[in-house]
Amino acid sequence: MHTGMKDYPSRSREIIRGDPGVREAVTGATIAFDRKRLQGYAEVDAEAWRRWAEGVKSHTLTHLDDYLAEAEARLEANGAEVHWAADAAEARRIVTGLADRYSVTSVVKGKSMVTEEIDLNPALEAEGIEVYETDLGEYILQLLEEPPSHILGPAIHKSLQQVQELFADRLGLEPDGDPDTLASAARQVLRDAFIRADMGITGGNFLVAETGTVALIENEGNIRLTTSLPRVHVAVVGIEKLIPRMTDLAGFLQLTARAATGQPIGCFVSLVQGPATHPDDDGPEAVHVVLVDNGRTDVLAHEHAWEALRCLRCGACLNACPVYRQTGGHAYGHVYSGPIGSVLDPGLVGLHEAMPLPFASSLCGACEDACPVRIPIPELLLEWRREAQEEGLTPWRERAALKGLAGVATRPGLYRVVGKIGSRLGGTGMARALPMLGEWAADRALPKPSRRTFRELWREGIE
Amino acid sequence: MARVVRATASRPRLPHPGALAAAASTDDAVDAFVKRFTSSGGEVATADSERPPDDWLTDFLRGLDPEVVGVAVGPDVPRELSPGLPEVAAAHAGAGISLAWAAVADTGSLVLPSTGTRAVQLLPPVHVVWVPSGQVFARLEDALRELEPELPATVGLHSGPSKSADIGRTVVTGVHGPGRCVAVLS
């Protein structure tokens, strides 16, 4: 699901100017999520929980080879089958291969970012398999053929009216239905899909090495149904989702929910160890876990960026981000958007591909404060910017301007003269007119400088 | 896997920080469970200890709005905890009756093993769950540690009714799973 990250500036402009409803809906929803997170954090010793979670995740990532081996052995002992996918294409081949093996004609899916990342749905549909996204927000977006714009609320950029129009058009509802009526219509369509489906496909919030448990968090119950009713369950899980023990899971289930929505825990948590073995269990006869790399080992090997792999996909940094709030996720052009996307995507797909996302931030630091695993997002953004500069990926004019600034700033006499000119003439207009600064200033509004330079003020004595 | 080994080779291996030191609640576990579960939209009923539990449950289900006619009962629910109402397939039942393995106070959760058949726990609009007395854990961690040696294929933690705010940020209940979840304490 890559629409191209390089178009971030133009797509942001299009969204903000052409579709102002998006900004309104996204800002409203993220502020509401963010408030709930603050309440959720306030009920516990959030600082201690976040330090603990950071520690467990960092421990796991630096022992990932051991824990992956343990998880694989345990899953197989539980009767599940484990598959390894080096990249998106291999992951798609594995899942379509399983669909073929079990003669699958109909699939239900739980919300999963990794299956968006590997672009799974088109691959299944190309095999003639019908695919239903069953999360209500994802279902809406599937009807609209749009990618999700937020990790947690994939359709938060849509207004009630837009959903009313969509359901009137596609499900034949009256165009003025309230959310209850709309949800109940979707429930009916999807209930049939659940009962008909041969295969349920989910992601995984966590994979517990010790027990081989795939843990899934949700509020609707669609993931529990996806992992329960079809005869085959396939969980597609990034290799960074490992945690060591079941007792760690207890902490992470609570912290993830608090960071995401302020809830003490998701309304439904599924802990899947393997296929049904008890005679009274009506669950799937086969469980497959597909472990996906797709760039993660590159991130893991990176001196700094590996810390981003602690990410729980809670969406807290998106909700806290003043930049994300303006556009929602679509502007970013990759499934992982917002602050975490801007540090993860360069590692997953390459810095060149992900430009200029590391620059799509004001470095205010709200993301780091919100993050339940204390990923130093602003630091990582700066690190990617430094690398972009080194690799010559920033605009040459900007590089020349910075070089010029360095030349001026290290020569006191010259600095004095240039400072004076700048303070008399400066402002957005002048900056845009300058060949060196034009590109940089095009997307920015600059304050009008003081009429007198700092050095002049200093000489006269600052009060 | 070879790539993972290479990727982590040059980094120092960091230690596990140990158990999360959560402040122990001073509340009684049952009270704390009731508080948490109801604040998430769950309902709690207490069976009348003067009456046989199956009779009490039958009247309780009849008293719901809409009145429950047909029920789906988990195979692990003992006869004396099953209501005297006609049993139907889970997809058509007015209520599903389950027996929890335990309840958890700090998250307000019911712990439901897959041996109770999942359709009963998920398809009917109302889910009524017996909580065995003496099986209310203060913390989720304690419950999972206790359960771990005999983990069934799947465990569901149900902590309130099914809900979504995906349409116009309005909370809707009963989207896919049960719209009402009733924990019965005895």
# chains A, B, ... in the order shown; residues from 1 in each chain; ligands from 1
call {"tool": "residues_around", "arguments": {"residues": "Leu393 of chain A", "least_positions_apart": "5", "cutoff": "10 Å", "atoms": "only C-alpha atoms", "output": "PyMOL selection string"}}
result
chain A and resi 351-352+355-356+385-388+399
call {"tool": "interface_residues", "arguments": {"of": "chain B", "to": "chain A", "cutoff": "6 Å", "atoms": "only C-alpha atoms", "output": "ChimeraX atom specification"}}
result
/B:4-5,7-8,13-17,107,114-115,117,140-141,153-160,162-164,166-168,172,175-177
call {"tool": "atom_distance", "arguments": {"atom1": "atom CA of Phe60 of chain B", "atom2": "atom CA of Ala29 of chain B"}}
result
25.0 Å
call {"tool": "atom_distance", "arguments": {"atom1": "atom CA of Arg444 of chain A", "atom2": "atom CA of Arg432 of chain A"}}
result
9.2 Å
call {"tool": "select_by_dssp", "arguments": {"residues": "segment 25-228 of chain A", "states": "alpha helix (DSSP H)", "output": "ChimeraX atom specification"}}
result
/A:25-42,46-62,64-77,88-101,113-117,120-126,136-144,160-171,179-196,222-226
call {"tool": "closest_residue", "arguments": {"among": "A:Glu125, A:Asp34, A:Glu116, A:Glu439", "to": "Ser149 of chain A", "atoms": "only C-alpha atoms"}}
result
A:Glu116
call {"tool": "residues_around", "arguments": {"residues": "Glu87 of chain B", "least_positions_apart": "6", "cutoff": "12 Å", "atoms": "only C-alpha atoms", "output": "ChimeraX atom specification"}}
result
/B:68-75,93-97,120
call {"tool": "write_last_selection", "arguments": {"atoms": "C-alpha atoms", "output": "compact mmCIF listing (two decimals), in the first residue's frame"}}
result
# COMPACT_ATOMS: atom_id res chain seq x y z
CA VAL B 68 -34.92 -14.51 25.97
CA VAL B 69 -36.73 -17.50 24.48
CA GLY B 70 -34.05 -19.78 23.08
CA VAL B 71 -30.60 -20.15 24.62
CA ALA B 72 -27.24 -21.59 23.58
CA VAL B 73 -25.41 -23.23 26.47
CA GLY B 74 -21.70 -24.02 26.58
CA PRO B 75 -20.95 -27.77 26.89
CA ALA B 93 -30.17 -17.87 20.45
CA GLY B 94 -31.37 -14.89 22.45
CA ALA B 95 -28.60 -15.48 24.96
CA GLY B 96 -25.43 -17.53 25.27
CA ILE B 97 -24.67 -19.10 28.66
CA VAL B 120 -21.89 -19.48 22.42
call {"tool": "residues_around", "arguments": {"residues": "Leu38 of chain A", "least_positions_apart": "2", "cutoff": "12 Å", "atoms": "only C-alpha atoms", "output": "CSV table (one decimal) with all heavy atoms, in the first residue's frame"}}
result
chain,number,residue,atom,x,y,z
A,31,ILE,N,-7.8,14.4,19.0
A,31,ILE,CA,-7.8,15.1,20.3
A,31,ILE,C,-8.6,14.3,21.3
A,31,ILE,O,-8.2,14.2,22.5
A,31,ILE,CB,-8.3,16.5,20.1
A,31,ILE,CG1,-7.3,17.4,19.4
A,31,ILE,CG2,-8.7,17.2,21.5
A,31,ILE,CD1,-7.7,18.8,19.1
A,32,ALA,N,-9.7,13.7,20.9
A,32,ALA,CA,-10.5,12.9,21.8
A,32,ALA,C,-9.7,11.6,22.3
A,32,ALA,O,-9.7,11.3,23.4
A,32,ALA,CB,-11.8,12.5,21.1
A,33,PHE,N,-9.0,11.0,21.3
A,33,PHE,CA,-8.2,9.8,21.7
A,33,PHE,C,-7.1,10.2,22.7
A,33,PHE,O,-6.8,9.5,23.6
A,33,PHE,CB,-7.5,9.2,20.4
A,33,PHE,CG,-8.3,8.3,19.6
A,33,PHE,CD1,-8.3,8.3,18.2
A,33,PHE,CD2,-9.0,7.2,20.2
A,33,PHE,CE1,-9.0,7.4,17.4
A,33,PHE,CE2,-9.7,6.3,19.4
A,33,PHE,CZ,-9.7,6.4,18.0
A,34,ASP,N,-6.5,11.4,22.4
A,34,ASP,CA,-5.3,11.8,23.2
A,34,ASP,C,-5.8,12.1,24.6
A,34,ASP,O,-5.1,11.8,25.6
A,34,ASP,CB,-4.7,13.1,22.5
A,34,ASP,CG,-3.3,13.3,23.0
A,34,ASP,OD1,-2.5,12.3,23.0
A,34,ASP,OD2,-2.9,14.4,23.3
A,35,ARG,N,-6.9,12.7,24.7
A,35,ARG,CA,-7.5,13.0,26.1
A,35,ARG,C,-7.7,11.7,26.9
A,35,ARG,O,-7.4,11.6,28.0
A,35,ARG,CB,-8.8,13.7,26.0
A,35,ARG,CG,-8.6,15.2,25.8
A,35,ARG,CD,-9.8,16.0,26.3
A,35,ARG,NE,-9.6,17.3,25.8
A,35,ARG,CZ,-10.4,17.9,24.9
A,35,ARG,NH1,-11.4,17.2,24.4
A,35,ARG,NH2,-10.2,19.1,24.4
A,36,LYS,N,-8.3,10.7,26.1
A,36,LYS,CA,-8.5,9.4,26.8
A,36,LYS,C,-7.2,8.8,27.2
A,36,LYS,O,-7.1,8.1,28.3
A,36,LYS,CB,-9.3,8.5,25.9
A,36,LYS,CG,-10.8,9.0,25.8
A,36,LYS,CD,-11.6,8.0,25.0
A,36,LYS,CE,-13.0,8.5,24.8
A,36,LYS,NZ,-13.6,8.1,23.6
A,40,GLY,N,-6.2,7.5,30.9
A,40,GLY,CA,-5.7,6.2,31.0
A,40,GLY,C,-4.4,6.1,31.7
A,40,GLY,O,-4.1,5.2,32.6
A,41,TYR,N,-3.5,7.0,31.3
A,41,TYR,CA,-2.1,7.0,31.9
A,41,TYR,C,-2.2,7.5,33.4
A,41,TYR,O,-1.5,7.0,34.2
A,41,TYR,CB,-1.2,7.9,31.1
A,41,TYR,CG,-0.5,7.3,29.9
A,41,TYR,CD1,-0.8,6.1,29.5
A,41,TYR,CD2,0.5,8.1,29.3
A,41,TYR,CE1,-0.1,5.5,28.4
A,41,TYR,CE2,1.2,7.6,28.1
A,41,TYR,CZ,0.8,6.3,27.7
A,41,TYR,OH,1.5,5.8,26.6
A,42,ALA,N,-3.1,8.4,33.6
A,42,ALA,CA,-3.2,9.0,35.0
A,42,ALA,C,-3.6,8.0,36.0
A,42,ALA,O,-3.3,8.2,37.2
A,42,ALA,CB,-4.1,10.2,34.9
A,43,GLU,N,-4.4,7.0,35.6
A,43,GLU,CA,-4.9,6.0,36.6
A,43,GLU,C,-3.8,5.0,37.1
A,43,GLU,O,-4.0,4.3,38.0
A,43,GLU,CB,-6.0,5.2,36.0
A,43,GLU,CG,-7.3,5.9,35.8
A,43,GLU,CD,-8.3,5.2,34.9
A,43,GLU,OE1,-8.0,4.0,34.6
A,43,GLU,OE2,-9.4,5.7,34.6
A,44,VAL,N,-2.7,5.0,36.4
A,44,VAL,CA,-1.6,4.1,36.8
A,44,VAL,C,-0.3,4.9,36.9
A,44,VAL,O,-0.2,6.0,36.6
A,44,VAL,CB,-1.4,2.9,35.8
A,44,VAL,CG1,-2.7,2.1,35.7
A,44,VAL,CG2,-1.1,3.4,34.4
A,45,ASP,N,0.8,4.2,37.4
A,45,ASP,CA,2.1,4.9,37.4
A,45,ASP,C,2.7,4.7,36.0
A,45,ASP,O,3.5,3.9,35.7
A,45,ASP,CB,3.0,4.2,38.4
A,45,ASP,CG,4.3,4.9,38.6
A,45,ASP,OD1,4.6,5.8,37.8
A,45,ASP,OD2,5.1,4.5,39.5
A,46,ALA,N,2.2,5.6,35.1
A,46,ALA,CA,2.5,5.5,33.7
A,46,ALA,C,4.0,5.5,33.4
A,46,ALA,O,4.5,4.8,32.5
A,46,ALA,CB,1.7,6.5,32.9
A,257,ALA,N,-3.8,-0.8,25.6
A,257,ALA,CA,-5.1,-0.3,25.6
A,257,ALA,C,-5.1,1.1,26.2
A,257,ALA,O,-5.8,2.0,25.7
A,257,ALA,CB,-6.0,-1.2,26.4
A,258,ARG,N,-4.4,1.3,27.2
A,258,ARG,CA,-4.4,2.7,27.9
A,258,ARG,C,-3.8,3.7,26.9
A,258,ARG,O,-4.2,4.8,26.8
A,258,ARG,CB,-3.6,2.6,29.2
A,258,ARG,CG,-4.3,1.9,30.3
A,258,ARG,CD,-3.6,2.0,31.6
A,258,ARG,NE,-4.4,1.3,32.6
A,258,ARG,CZ,-5.5,1.8,33.3
A,258,ARG,NH1,-5.9,3.0,33.1
A,258,ARG,NH2,-6.1,1.1,34.2
A,259,ALA,N,-2.7,3.3,26.2
A,259,ALA,CA,-2.1,4.3,25.3
A,259,ALA,C,-3.0,4.6,24.1
A,259,ALA,O,-3.0,5.7,23.6
A,259,ALA,CB,-0.7,3.7,24.8
A,260,ALA,N,-3.7,3.6,23.7
A,260,ALA,CA,-4.5,3.7,22.5
A,260,ALA,C,-5.8,4.5,22.7
A,260,ALA,O,-6.2,5.4,22.0
A,260,ALA,CB,-4.8,2.3,21.9
A,261,THR,N,-6.6,4.0,23.7
A,261,THR,CA,-7.9,4.6,24.0
A,261,THR,C,-8.2,4.9,25.4
A,261,THR,O,-9.3,5.3,25.7
A,261,THR,CB,-9.0,3.5,23.5
A,261,THR,OG1,-8.8,2.4,24.3
A,261,THR,CG2,-8.9,3.2,22.0
A,262,GLY,N,-7.2,4.7,26.3
A,262,GLY,CA,-7.4,5.0,27.7
A,262,GLY,C,-8.2,3.9,28.4
A,262,GLY,O,-8.4,4.0,29.6
A,263,GLN,N,-8.5,2.8,27.7
A,263,GLN,CA,-9.3,1.7,28.4
A,263,GLN,C,-8.3,0.9,29.2
A,263,GLN,O,-7.1,0.8,28.9
A,263,GLN,CB,-9.9,0.8,27.3
A,263,GLN,CG,-11.0,1.4,26.5
A,263,GLN,CD,-11.3,0.5,25.3
A,263,GLN,OE1,-10.8,0.6,24.2
A,263,GLN,NE2,-12.3,-0.5,25.5
A,316,ALA,N,-0.8,6.2,19.6
A,316,ALA,CA,-0.8,7.4,20.5
A,316,ALA,C,0.0,8.6,19.9
A,316,ALA,O,-0.3,9.7,20.1
A,316,ALA,CB,-0.2,7.0,21.9
A,319,ASN,N,-2.1,10.5,17.5
A,319,ASN,CA,-3.1,11.3,18.2
A,319,ASN,C,-2.5,12.6,18.8
A,319,ASN,O,-3.1,13.6,18.8
A,319,ASN,CB,-3.8,10.5,19.3
A,319,ASN,CG,-4.5,9.3,18.7
A,319,ASN,OD1,-4.9,9.3,17.6
A,319,ASN,ND2,-4.5,8.3,19.5
A,320,ALA,N,-1.2,12.5,19.2
A,320,ALA,CA,-0.6,13.6,19.9
A,320,ALA,C,0.1,14.6,18.9
A,320,ALA,O,0.4,15.7,19.3
A,320,ALA,CB,0.5,13.1,20.8
A,369,ASP,N,6.6,11.8,24.3
A,369,ASP,CA,5.9,11.8,25.6
A,369,ASP,C,4.7,10.9,25.7
A,369,ASP,O,4.4,10.3,26.7
A,369,ASP,CB,5.4,13.2,26.0
A,369,ASP,CG,6.6,14.2,26.2
A,369,ASP,OD1,7.7,13.7,26.4
A,369,ASP,OD2,6.3,15.4,26.1
A,370,ALA,N,4.0,10.7,24.5
A,370,ALA,CA,2.9,9.8,24.5
A,370,ALA,C,3.2,8.3,24.3
A,370,ALA,O,2.5,7.5,24.8
A,370,ALA,CB,2.0,10.2,23.3
A,371,CYS,N,4.4,8.1,23.7
A,371,CYS,CA,4.7,6.7,23.4
A,371,CYS,C,4.8,5.8,24.6
A,371,CYS,O,5.6,6.0,25.5
A,371,CYS,CB,6.1,6.7,22.6
A,371,CYS,SG,6.6,5.0,22.1
A,372,PRO,N,4.1,4.6,24.6
A,372,PRO,CA,4.1,3.7,25.7
A,372,PRO,C,5.4,2.9,25.8
A,372,PRO,O,5.7,2.4,26.9
A,372,PRO,CB,2.9,2.8,25.4
A,372,PRO,CG,2.8,2.8,24.0
A,372,PRO,CD,3.1,4.2,23.5
call {"tool": "atom_distance", "arguments": {"atom1": "atom CA of Leu124 of chain A", "atom2": "atom CA of Val107 of chain A"}}
result
8.7 Å
call {"tool": "closest_residue", "arguments": {"among": "B:Leu61, B:Val136, B:Ala32, B:Val44", "to": "Pro83 of chain B", "atoms": "only C-alpha atoms"}}
result
B:Leu61
call {"tool": "select_by_dssp", "arguments": {"residues": "segment 139-377 of chain A", "states": "strand (DSSP E)", "output": "number ranges by chain"}}
result
A: 199-202, 206-208, 213-218, 232-238, 242-243, 268-272, 286-292
